[in-house]
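Q: Sharing a structure here in structure tokens format.
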Amino acid sequence: MSKNEAQAREELIDLAADFYDQFAGGEIPEMELPTRTKSNIVFDEDSNVWVYGDRTSKRSANSVSGARKLLKAVYTIEFLSDQLEEGRSSTLRELYYLSESWDNEEAQFNSQDESNQLVEDLEIVSGVTREDFHMRPEESGATLMGPLELREQTRRGEREIHCQEDVGEGGYQIPNNPDMIDFLDHDIDFVLAVETGGMRDRLVENGFDEEYNCLVVHLKGQPARATRRITKRLHDELDLPVVVFTDGDPWSYRIYGSVAYGSIKSAHLSEYLATPEADFVGIQPKDIVEYDLPSDPLGDSDINALESELEDPRFQTDYWEEQIELQLDIGKKSEQQALASRGLDFVTDTYLPERLSDMGVL
């Protein structure tokens, strides 16, 4: 058992022991947590990430509902502790189904949302991430491609991989826990996080990673925690610029926001996952106009989302206010791959080199 695994198990056992001590002391057991509502998520101006505010709530056994939640927590703690001791892992989906085998029906989960939330509660209370509990989401499939050599700890021992020379066209798949990776060597000048698989494939096929010493990270839509974590590590530990390349719509701007500033859902891990220094490369609303890109009209939900972003601290800069106001004015949105209307090589020969030069990345 590694040091991180031993610490995770110790934190879980301490949490269970705290429940026992409350019982033994004649107290009603309870677990205090930050109030997990949108109104208790605040944007920390110092760290530039989303964090929980000061309001808290209690999971207390003074009601039937509260007692059930604590019972489920205790059963889950026992399962996770045994899992760590045995050196095994499981998915969030498996935990939900596994609970059906527990000997107390009251401890069984009614839905996967319930089990997922409990794992997040345990993360918050223990200060240990679910990755160190050996809990995995379903595979995200996000990948890296570029001049990076790394060492990965696997169940079959260590292996060293070069993320261009030792992988196929699909790239290196990011593991569930990127903290098990050691960076050995690299020739990377910058990290380009790309929203869509189609654009990722275009960049790799055109050799953009080789020509510009770029590490291409496929976000695969809204990025998984593992993807955001390795992106942060690449920035913090290798001192690499990170730029995010998405579609030109409000939902894609939020993908950028989750990479740079964290998401509301994982506010308790923002400082572990977010990269506030990440920049946005496009598709910009002004690109839709300048390059006359094929586009679709904004729907009502798009307009509402853009107006909401104007009030979002993550987007309250001169740059974003100008771009969002322009998009509302033209009433259009466009996809990354709309750049192909100018030719398959336009994105790698013209668009990205010009934009990245303007940004001072190239």
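Going by the structure tokens order, chains are called A, B, ..., each with residues numbered from 1, while ligands are numbered from 1 in the order shown.
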Using 10 Å as the limit and counting only C-alpha atoms, can you tabulate each residue of segment 124-173 of chain A that touches segment 201-205 of chain A, with its shortest atom-to-atom distance in Å and the two atoms involved, as JSON lines?
A:
```
{"residue": "A:Met145", "atom": "CA", "partner": "A:Val204", "partner_atom": "CA", "distance": 7.7}
{"residue": "A:Gly146", "atom": "CA", "partner": "A:Val204", "partner_atom": "CA", "distance": 9.0}
{"residue": "A:Glu169", "atom": "CA", "partner": "A:Val204", "partner_atom": "CA", "distance": 7.5}
{"residue": "A:Gly170", "atom": "CA", "partner": "A:Asp201", "partner_atom": "CA", "distance": 8.2}
{"residue": "A:Gly171", "atom": "CA", "partner": "A:Val204", "partner_atom": "CA", "distance": 9.2}
```
Q: Go ahead and save the picked residues with C-alpha atoms, as a PDB file, in the first residue's frame.
A:
```pdb
ATOM      1  CA  MET A 145      -0.390  13.318 -27.972  1.00  0.00           C
ATOM      2  CA  GLY A 146       2.921  15.124 -28.017  1.00  0.00           C
ATOM      3  CA  GLU A 169      -2.697   7.665 -33.689  1.00  0.00           C
ATOM      4  CA  GLY A 170      -5.110   7.503 -30.737  1.00  0.00           C
ATOM      5  CA  GLY A 171      -2.450   8.826 -28.353  1.00  0.00           C
TER       6      GLY A 171
END
```
Q: Hey, what's within 8 Å of Val191 of chain A if we count only C-alpha atoms and toss same-chain stuff fewer than 3 positions away? As a list in words, please?
A: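 After dropping sequence-adjacent residues, the list is Ile188, Cys214, Leu215, Val216, Val217, Thr231, Leu234, Leu240, Pro241, Val242 and Val243 of chain A.
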Q: Could you write those residues out with N, CA and C atoms, as a PDB file, in the first residue's frame?
A:
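Okay, this is what ended up in selection15.pdb:
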```
ATOM      1  N   ILE A 188       8.068  19.972 -24.958  1.00  0.00           N
ATOM      2  CA  ILE A 188       6.804  20.684 -25.153  1.00  0.00           C
ATOM      3  C   ILE A 188       7.019  22.184 -24.989  1.00  0.00           C
ATOM      4  N   CYS A 214       3.962  20.748 -29.529  1.00  0.00           N
ATOM      5  CA  CYS A 214       2.721  20.962 -28.787  1.00  0.00           C
ATOM      6  C   CYS A 214       2.232  19.639 -28.205  1.00  0.00           C
ATOM      7  N   LEU A 215       1.773  19.673 -26.968  1.00  0.00           N
ATOM      8  CA  LEU A 215       1.093  18.516 -26.386  1.00  0.00           C
ATOM      9  C   LEU A 215      -0.398  18.731 -26.561  1.00  0.00           C
ATOM     10  N   VAL A 216      -1.039  17.905 -27.367  1.00  0.00           N
ATOM     11  CA  VAL A 216      -2.471  18.013 -27.618  1.00  0.00           C
ATOM     12  C   VAL A 216      -3.214  17.170 -26.585  1.00  0.00           C
ATOM     13  N   VAL A 217      -4.058  17.807 -25.801  1.00  0.00           N
ATOM     14  CA  VAL A 217      -4.887  17.114 -24.812  1.00  0.00           C
ATOM     15  C   VAL A 217      -6.319  17.114 -25.321  1.00  0.00           C
ATOM     16  N   THR A 231      -3.687  18.313 -16.761  1.00  0.00           N
ATOM     17  CA  THR A 231      -3.442  19.615 -17.379  1.00  0.00           C
ATOM     18  C   THR A 231      -2.843  20.576 -16.358  1.00  0.00           C
ATOM     19  N   LEU A 234       0.786  19.591 -15.678  1.00  0.00           N
ATOM     20  CA  LEU A 234       1.664  19.986 -16.780  1.00  0.00           C
ATOM     21  C   LEU A 234       2.029  21.471 -16.674  1.00  0.00           C
ATOM     22  N   LEU A 240       4.431  25.052 -18.217  1.00  0.00           N
ATOM     23  CA  LEU A 240       3.999  25.119 -19.613  1.00  0.00           C
ATOM     24  C   LEU A 240       2.749  25.980 -19.761  1.00  0.00           C
ATOM     25  N   PRO A 241       2.705  26.830 -20.793  1.00  0.00           N
ATOM     26  CA  PRO A 241       1.457  27.551 -21.077  1.00  0.00           C
ATOM     27  C   PRO A 241       0.363  26.555 -21.471  1.00  0.00           C
ATOM     28  N   VAL A 242      -0.864  26.840 -21.062  1.00  0.00           N
ATOM     29  CA  VAL A 242      -2.022  26.015 -21.426  1.00  0.00           C
ATOM     30  C   VAL A 242      -3.019  26.896 -22.172  1.00  0.00           C
ATOM     31  N   VAL A 243      -3.427  26.450 -23.347  1.00  0.00           N
ATOM     32  CA  VAL A 243      -4.455  27.163 -24.102  1.00  0.00           C
ATOM     33  C   VAL A 243      -5.578  26.186 -24.426  1.00  0.00           C
TER      34      VAL A 243
END
```
Q: When you look at Val42 of chain A with a cut-off of 12 Å (counting only C-alpha atoms), what residues show up, excluding the ones that are within fewer than 6 positions of it in the same chain? I need them as a list in words.
A: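 With the cut-off at 12 Å, the set is Pro34, Thr35, Arg36, Asn48, Val49, Trp50, Val51, Tyr52, Gly53, Asp54, Arg55, Tyr261, Gly262, Ser263, Ile264, Ala267, His268, Ser270, Asp312, Pro313 and Arg314 of chain A.
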Q: Would you please extract all strand (DSSP E) residues from segment 88-290 of chain A, as assigned by DSSP on the backbone, and give them as a ChimeraX atom specification?
A: /A:90-91,135-136,143-145,148-154,157-162,172-173,181-186,190-194,214-218,242-245,279-282
Q: Using C-alpha atoms, can you write the selected residues to a file as a PDB file, in the first residue's frame?
A:
```
ATOM      1  CA  SER A  90     -13.975  -0.104  -8.429  1.00  0.00           C
ATOM      2  CA  THR A  91     -16.103   2.273 -10.449  1.00  0.00           C
ATOM      3  CA  MET A 135     -12.809   4.916  -7.023  1.00  0.00           C
ATOM      4  CA  ARG A 136     -13.023   5.388 -10.788  1.00  0.00           C
ATOM      5  CA  THR A 143      -5.887  11.286 -24.470  1.00  0.00           C
ATOM      6  CA  LEU A 144      -2.540  13.053 -24.855  1.00  0.00           C
ATOM      7  CA  MET A 145      -0.390  13.318 -27.972  1.00  0.00           C
ATOM      8  CA  LEU A 148       6.274  14.001 -23.482  1.00  0.00           C
ATOM      9  CA  GLU A 149       8.036  11.049 -21.872  1.00  0.00           C
ATOM     10  CA  LEU A 150       6.463   9.753 -18.678  1.00  0.00           C
ATOM     11  CA  ARG A 151       6.539   6.883 -16.228  1.00  0.00           C
ATOM     12  CA  GLU A 152       3.227   5.324 -15.226  1.00  0.00           C
ATOM     13  CA  GLN A 153       2.588   3.140 -12.196  1.00  0.00           C
ATOM     14  CA  THR A 154       0.405   0.223 -13.275  1.00  0.00           C
ATOM     15  CA  GLY A 157       4.614  -2.440 -12.474  1.00  0.00           C
ATOM     16  CA  GLU A 158       6.158   0.702 -13.920  1.00  0.00           C
ATOM     17  CA  ARG A 159       6.287   1.467 -17.627  1.00  0.00           C
ATOM     18  CA  GLU A 160       7.900   4.333 -19.492  1.00  0.00           C
ATOM     19  CA  ILE A 161       6.022   5.821 -22.441  1.00  0.00           C
ATOM     20  CA  HIS A 162       6.773   8.504 -24.990  1.00  0.00           C
ATOM     21  CA  TYR A 172      -1.789   8.032 -24.693  1.00  0.00           C
ATOM     22  CA  GLN A 173      -4.910   7.483 -22.625  1.00  0.00           C
ATOM     23  CA  ILE A 181       2.428   9.545 -13.395  1.00  0.00           C
ATOM     24  CA  ASP A 182       5.994  10.897 -13.233  1.00  0.00           C
ATOM     25  CA  PHE A 183       7.083  13.333 -15.947  1.00  0.00           C
ATOM     26  CA  LEU A 184      10.525  12.219 -17.137  1.00  0.00           C
ATOM     27  CA  ASP A 185      11.390  14.463 -20.086  1.00  0.00           C
ATOM     28  CA  HIS A 186       9.702  16.653 -22.677  1.00  0.00           C
ATOM     29  CA  PHE A 190       2.774  24.612 -24.859  1.00  0.00           C
ATOM     30  CA  VAL A 191      -0.282  22.495 -24.039  1.00  0.00           C
ATOM     31  CA  LEU A 192      -3.302  22.739 -26.355  1.00  0.00           C
ATOM     32  CA  ALA A 193      -6.503  21.391 -24.760  1.00  0.00           C
ATOM     33  CA  VAL A 194      -9.011  20.592 -27.521  1.00  0.00           C
ATOM     34  CA  CYS A 214       2.721  20.962 -28.787  1.00  0.00           C
ATOM     35  CA  LEU A 215       1.093  18.516 -26.386  1.00  0.00           C
ATOM     36  CA  VAL A 216      -2.471  18.013 -27.618  1.00  0.00           C
ATOM     37  CA  VAL A 217      -4.887  17.114 -24.812  1.00  0.00           C
ATOM     38  CA  HIS A 218      -8.286  15.855 -25.957  1.00  0.00           C
ATOM     39  CA  VAL A 242      -2.022  26.015 -21.426  1.00  0.00           C
ATOM     40  CA  VAL A 243      -4.455  27.163 -24.102  1.00  0.00           C
ATOM     41  CA  VAL A 244      -7.988  25.845 -24.595  1.00  0.00           C
ATOM     42  CA  PHE A 245      -9.512  25.385 -28.070  1.00  0.00           C
ATOM     43  CA  ASP A 279      -5.999  31.015 -21.927  1.00  0.00           C
ATOM     44  CA  PHE A 280      -8.771  30.696 -24.503  1.00  0.00           C
ATOM     45  CA  VAL A 281      -7.667  30.427 -28.127  1.00  0.00           C
ATOM     46  CA  GLY A 282     -11.040  30.038 -29.908  1.00  0.00           C
TER      47      GLY A 282
END
```
Q: Quick one: everything within 10 Å of Val74 of chain A, counting only C-alpha atoms, minus sequence neighbours fewer than 3 positions away in the same chain. Send it as a VMD selection string.
A: chain A and resid 12 to 13 15 to 16 19 68 to 71 77 to 80 107
Q: Do a neighbour search on Asp103 of chain A at 12 Å with only C-alpha atoms, toss out local chain neighbours closer than 3 positions, and write the hits as a PyMOL selection string.
A: chain A and resi 71-72+75+98-100+106-108
